[in-house]
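Working notes, beginning with the structure itself.
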Amino acid sequence: MAQQQVWAHDRVLDLDMCFGVVFMKAQPRMPFASYRGFGHDGAGGALGFADPEYDLGFGYIPGRMCYSSEQFVGLSLAVREAIRGHSLVEASWD
């Protein structure tokens, strides 16, 4: 599930996307997990993913619809930093 299978332009969303088998992969535009993570974002700012690098399963459903990944990316980064005990901001998208 975590191995990248394709990196291409999504003609529906008009964005470059990265997918493993069925699931999205983290990428610089949406760094929700480490390079080993896989999951999918959803309508209104929701996100679910697994990240074997951190031994982590993560789910986020916002209370209000939003159209930005900034909330869940920031929250997932804070959770991964708490697990590792140091900042990941200076690292690349991990």
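Here, A, B, ... name the chains of the structure tokens in the order displayed, residue numbers run from 1 inside each chain, and ligands are numbered from 1 in the same displayed order.
Of the residues in chain A, those that DSSP places in strand (DSSP E or B) on the basis of the backbone are Val6, Trp7, Ala8, His9, Asp10, Leu15, Asp16, Met17, Cys18, Phe19, Met24, Lys25, Gln27, Met30, Phe38, Gly39, His40, Asp41, Leu47, Gly48, Phe49, Ala50, Asp51, Leu56, Gly57, Phe58, Gly59 and Tyr60 of chain A.
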| query | Could you name the residues that touch Phe58 (chain A) at 7 Å or less, counting only C-alpha atoms, but leaving out those on the same chain fewer than 3 positions away, as number ranges by chain? | reply | A: 48-50
| field | Residue among A:Met1, A:Tyr35, A:Trp7, A:Leu75 lying closest to Gly20 (chain A), counting only C-alpha atoms | value | A:Met1
| said: Calculated over only C-alpha atoms, which of the candidates A:Leu77, A:Leu56, A:Ala33, A:Ala2 has the smallest distance to Phe19 (chain A)? | reply: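 Answer, going by the shortest atom-to-atom distance: A:Ala2.
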| message | List as a ChimeraX atom specification the protein and nucleic acid residues near Asp16 (chain A), meaning an atom at most 12 Å away when only C-alpha atoms are counted, but skip any in the same chain fewer than 2 places from it. | response | /A:6-14,18-19,24-30
Go ahead and save the residues from that selection, with all heavy atoms, as a short mmCIF file (atom, residue, chain, number, x, y, z; two decimals), in the first residue's frame.
```
data_model
loop_
_atom_site.label_atom_id
_atom_site.label_comp_id
_atom_site.auth_asym_id
_atom_site.auth_seq_id
_atom_site.Cartn_x
_atom_site.Cartn_y
_atom_site.Cartn_z
N VAL A 6 2.26 5.81 -8.93
CA VAL A 6 2.09 6.81 -9.98
C VAL A 6 2.25 8.22 -9.42
O VAL A 6 1.90 8.48 -8.27
CB VAL A 6 0.72 6.66 -10.67
CG1 VAL A 6 -0.42 6.96 -9.71
CG2 VAL A 6 0.61 7.54 -11.91
N TRP A 7 2.81 9.08 -10.22
CA TRP A 7 2.89 10.52 -9.95
C TRP A 7 2.47 11.18 -11.26
O TRP A 7 3.13 11.00 -12.29
CB TRP A 7 4.30 10.93 -9.59
CG TRP A 7 4.46 12.42 -9.43
CD1 TRP A 7 4.64 13.32 -10.43
CD2 TRP A 7 4.44 13.16 -8.22
NE1 TRP A 7 4.73 14.59 -9.91
CE2 TRP A 7 4.61 14.51 -8.55
CE3 TRP A 7 4.29 12.81 -6.89
CZ2 TRP A 7 4.65 15.51 -7.61
CZ3 TRP A 7 4.33 13.82 -5.95
CH2 TRP A 7 4.51 15.15 -6.30
N ALA A 8 1.35 11.86 -11.24
CA ALA A 8 0.84 12.45 -12.48
C ALA A 8 -0.11 13.60 -12.17
O ALA A 8 -0.47 13.84 -11.02
CB ALA A 8 0.11 11.38 -13.30
N HIS A 9 -0.51 14.27 -13.21
CA HIS A 9 -1.44 15.39 -13.09
C HIS A 9 -2.87 14.85 -13.09
O HIS A 9 -3.27 14.15 -14.02
CB HIS A 9 -1.24 16.38 -14.24
CG HIS A 9 -1.97 17.66 -14.03
ND1 HIS A 9 -1.52 18.62 -13.15
CD2 HIS A 9 -3.12 18.12 -14.55
CE1 HIS A 9 -2.37 19.63 -13.16
NE2 HIS A 9 -3.35 19.35 -14.00
N ASP A 10 -3.62 15.16 -12.03
CA ASP A 10 -5.03 14.79 -11.94
C ASP A 10 -5.83 15.81 -12.74
O ASP A 10 -5.89 16.98 -12.37
CB ASP A 10 -5.47 14.76 -10.48
CG ASP A 10 -6.89 14.26 -10.28
OD1 ASP A 10 -7.78 14.71 -11.03
OD2 ASP A 10 -7.09 13.45 -9.37
N ARG A 11 -6.46 15.38 -13.81
CA ARG A 11 -7.17 16.31 -14.69
C ARG A 11 -8.48 16.79 -14.07
O ARG A 11 -9.00 17.83 -14.45
CB ARG A 11 -7.42 15.67 -16.04
CG ARG A 11 -6.10 15.52 -16.81
CD ARG A 11 -6.32 14.99 -18.18
NE ARG A 11 -6.51 13.55 -18.09
CZ ARG A 11 -6.67 12.76 -19.13
NH1 ARG A 11 -6.69 13.25 -20.34
NH2 ARG A 11 -6.82 11.47 -18.96
N VAL A 12 -9.02 16.07 -13.11
CA VAL A 12 -10.25 16.51 -12.44
C VAL A 12 -9.94 17.60 -11.42
O VAL A 12 -10.58 18.65 -11.40
CB VAL A 12 -10.96 15.32 -11.76
CG1 VAL A 12 -12.15 15.80 -10.94
CG2 VAL A 12 -11.39 14.29 -12.80
N LEU A 13 -8.95 17.35 -10.56
CA LEU A 13 -8.59 18.32 -9.52
C LEU A 13 -7.63 19.39 -10.02
O LEU A 13 -7.40 20.38 -9.33
CB LEU A 13 -7.96 17.60 -8.32
CG LEU A 13 -8.86 16.59 -7.61
CD1 LEU A 13 -8.07 15.87 -6.52
CD2 LEU A 13 -10.09 17.28 -7.03
N ASP A 14 -7.02 19.17 -11.19
CA ASP A 14 -6.03 20.08 -11.76
C ASP A 14 -4.85 20.27 -10.81
O ASP A 14 -4.37 21.39 -10.59
CB ASP A 14 -6.66 21.42 -12.13
CG ASP A 14 -5.76 22.23 -13.06
OD1 ASP A 14 -4.97 21.62 -13.81
OD2 ASP A 14 -5.83 23.48 -13.01
N CYS A 18 0.07 12.00 -6.14
CA CYS A 18 0.93 10.85 -5.96
C CYS A 18 0.11 9.75 -5.29
O CYS A 18 -0.50 9.98 -4.25
CB CYS A 18 2.10 11.26 -5.07
SG CYS A 18 3.29 9.97 -4.78
N PHE A 19 0.07 8.56 -5.90
CA PHE A 19 -0.72 7.46 -5.36
C PHE A 19 0.09 6.18 -5.25
O PHE A 19 0.95 5.89 -6.07
CB PHE A 19 -1.94 7.16 -6.27
CG PHE A 19 -3.05 8.15 -6.12
CD1 PHE A 19 -3.08 9.31 -6.88
CD2 PHE A 19 -4.08 7.93 -5.23
CE1 PHE A 19 -4.11 10.22 -6.75
CE2 PHE A 19 -5.11 8.84 -5.09
CZ PHE A 19 -5.13 9.99 -5.85
N MET A 24 -3.58 7.65 -1.48
CA MET A 24 -2.68 8.76 -1.78
C MET A 24 -1.38 8.58 -1.00
O MET A 24 -1.37 8.00 0.08
CB MET A 24 -3.30 10.09 -1.35
CG MET A 24 -4.47 10.55 -2.15
SD MET A 24 -5.25 12.03 -1.45
CE MET A 24 -3.92 13.19 -1.47
N LYS A 25 -0.32 9.13 -1.55
CA LYS A 25 0.97 9.19 -0.87
C LYS A 25 1.23 10.64 -0.47
O LYS A 25 0.79 11.56 -1.14
CB LYS A 25 2.09 8.73 -1.80
CG LYS A 25 1.98 7.28 -2.25
CD LYS A 25 2.34 6.35 -1.14
CE LYS A 25 3.81 6.52 -0.78
NZ LYS A 25 4.18 5.92 0.46
N ALA A 26 1.92 10.84 0.63
CA ALA A 26 2.32 12.19 1.02
C ALA A 26 3.28 12.73 -0.03
O ALA A 26 3.98 11.97 -0.71
CB ALA A 26 3.00 12.15 2.39
N GLN A 27 3.29 14.03 -0.18
CA GLN A 27 4.13 14.69 -1.17
C GLN A 27 4.41 16.10 -0.67
O GLN A 27 3.77 16.56 0.27
CB GLN A 27 3.44 14.72 -2.52
CG GLN A 27 2.07 15.38 -2.45
CD GLN A 27 1.41 15.47 -3.79
OE1 GLN A 27 1.95 16.11 -4.68
NE2 GLN A 27 0.26 14.85 -3.94
N PRO A 28 5.36 16.81 -1.28
CA PRO A 28 5.68 18.16 -0.78
C PRO A 28 4.47 19.10 -0.71
O PRO A 28 4.38 19.90 0.21
CB PRO A 28 6.72 18.67 -1.78
CG PRO A 28 7.39 17.42 -2.27
CD PRO A 28 6.28 16.39 -2.33
N ARG A 29 3.53 19.01 -1.64
CA ARG A 29 2.36 19.87 -1.61
C ARG A 29 1.41 19.50 -0.47
O ARG A 29 0.70 20.34 0.06
CB ARG A 29 1.61 19.77 -2.94
CG ARG A 29 0.42 20.70 -3.05
CD ARG A 29 -0.37 20.49 -4.33
NE ARG A 29 -0.93 19.16 -4.47
CZ ARG A 29 -2.01 18.72 -3.84
NH1 ARG A 29 -2.65 19.48 -2.98
NH2 ARG A 29 -2.46 17.51 -4.04
N MET A 30 1.41 18.24 -0.06
CA MET A 30 0.54 17.77 1.01
C MET A 30 1.30 16.78 1.89
O MET A 30 1.13 15.57 1.79
CB MET A 30 -0.72 17.11 0.44
CG MET A 30 -1.77 16.87 1.49
SD MET A 30 -3.26 16.06 0.87
CE MET A 30 -3.77 17.11 -0.45
#
```
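The coordinates place CA of Leu15 (chain A) at 29.0 Å from CA of Asp55 (chain A).
If you count only C-alpha atoms and ignore residues fewer than 2 places along the chain from region 59-63 of chain A, what sits within 10 Å of it is Gly39, His40, Asp41, Gly42, Ala43, Gly44, Gly45, Ala46, Leu47, Gly48, Phe49, Ala50, Gly57, Met65, Cys66, Gln71, Phe72, Leu75 and Ser76 of chain A.
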Would you output that residue set with N, CA, C and O atoms, as a compact mmCIF listing (two decimals), in the first residue's frame?
```txt
# COMPACT_ATOMS: atom_id res chain seq x y z
N GLY A 39 -2.75 7.11 2.69
CA GLY A 39 -4.08 7.43 3.18
C GLY A 39 -4.86 8.18 2.13
O GLY A 39 -4.59 8.04 0.94
N HIS A 40 -5.78 9.01 2.56
CA HIS A 40 -6.55 9.80 1.61
C HIS A 40 -7.21 10.96 2.33
O HIS A 40 -7.67 10.81 3.46
N ASP A 41 -7.25 12.10 1.64
CA ASP A 41 -8.01 13.22 2.18
C ASP A 41 -9.44 13.07 1.71
O ASP A 41 -9.74 12.23 0.86
N GLY A 42 -10.31 13.85 2.31
CA GLY A 42 -11.72 13.74 1.96
C GLY A 42 -12.37 15.10 1.85
O GLY A 42 -11.72 16.14 1.98
N ALA A 43 -13.65 15.09 1.63
CA ALA A 43 -14.40 16.32 1.46
C ALA A 43 -14.33 17.18 2.71
O ALA A 43 -14.38 16.69 3.83
N GLY A 44 -14.18 18.46 2.51
CA GLY A 44 -14.26 19.41 3.61
C GLY A 44 -13.08 19.43 4.54
O GLY A 44 -13.16 19.96 5.64
N GLY A 45 -11.94 18.85 4.17
CA GLY A 45 -10.75 18.91 5.01
C GLY A 45 -10.50 17.68 5.87
O GLY A 45 -9.67 17.71 6.77
N ALA A 46 -11.20 16.58 5.63
CA ALA A 46 -10.99 15.34 6.39
C ALA A 46 -9.73 14.62 5.88
O ALA A 46 -9.31 14.80 4.75
N LEU A 47 -9.15 13.78 6.73
CA LEU A 47 -7.98 13.00 6.36
C LEU A 47 -7.91 11.74 7.19
O LEU A 47 -8.18 11.76 8.39
N GLY A 48 -7.53 10.65 6.58
CA GLY A 48 -7.22 9.41 7.28
C GLY A 48 -5.96 8.82 6.66
O GLY A 48 -5.81 8.82 5.44
N PHE A 49 -5.02 8.37 7.49
CA PHE A 49 -3.82 7.75 6.95
C PHE A 49 -3.17 6.82 7.97
O PHE A 49 -3.44 6.91 9.17
N ALA A 50 -2.32 5.96 7.48
CA ALA A 50 -1.46 5.11 8.30
C ALA A 50 -0.02 5.48 7.95
O ALA A 50 0.28 5.77 6.80
N GLY A 57 -1.67 5.48 13.23
CA GLY A 57 -2.90 5.59 12.46
C GLY A 57 -3.53 6.92 12.83
O GLY A 57 -3.55 7.30 14.00
N MET A 65 -16.85 22.43 7.48
CA MET A 65 -16.26 22.20 6.16
C MET A 65 -15.19 23.25 5.91
O MET A 65 -15.37 24.43 6.19
N CYS A 66 -14.05 22.80 5.41
CA CYS A 66 -13.01 23.73 4.99
C CYS A 66 -12.43 23.20 3.68
O CYS A 66 -12.58 22.03 3.37
N GLN A 71 -5.04 22.64 7.88
CA GLN A 71 -5.42 22.18 9.23
C GLN A 71 -4.90 20.77 9.49
O GLN A 71 -4.24 20.54 10.49
N PHE A 72 -5.22 19.83 8.63
CA PHE A 72 -4.81 18.45 8.93
C PHE A 72 -3.33 18.22 8.73
O PHE A 72 -2.73 17.41 9.42
N LEU A 75 -1.79 19.53 11.97
CA LEU A 75 -2.09 18.63 13.08
C LEU A 75 -1.31 17.33 12.97
O LEU A 75 -0.75 16.85 13.95
N SER A 76 -1.22 16.76 11.76
CA SER A 76 -0.46 15.52 11.60
C SER A 76 1.02 15.75 11.87
O SER A 76 1.70 14.89 12.44
```
| request: If you run DSSP over the backbone, which residues in chain A end up alpha helix (DSSP H)? Put them as a VMD selection string. | output: chain A and resid 70 to 84
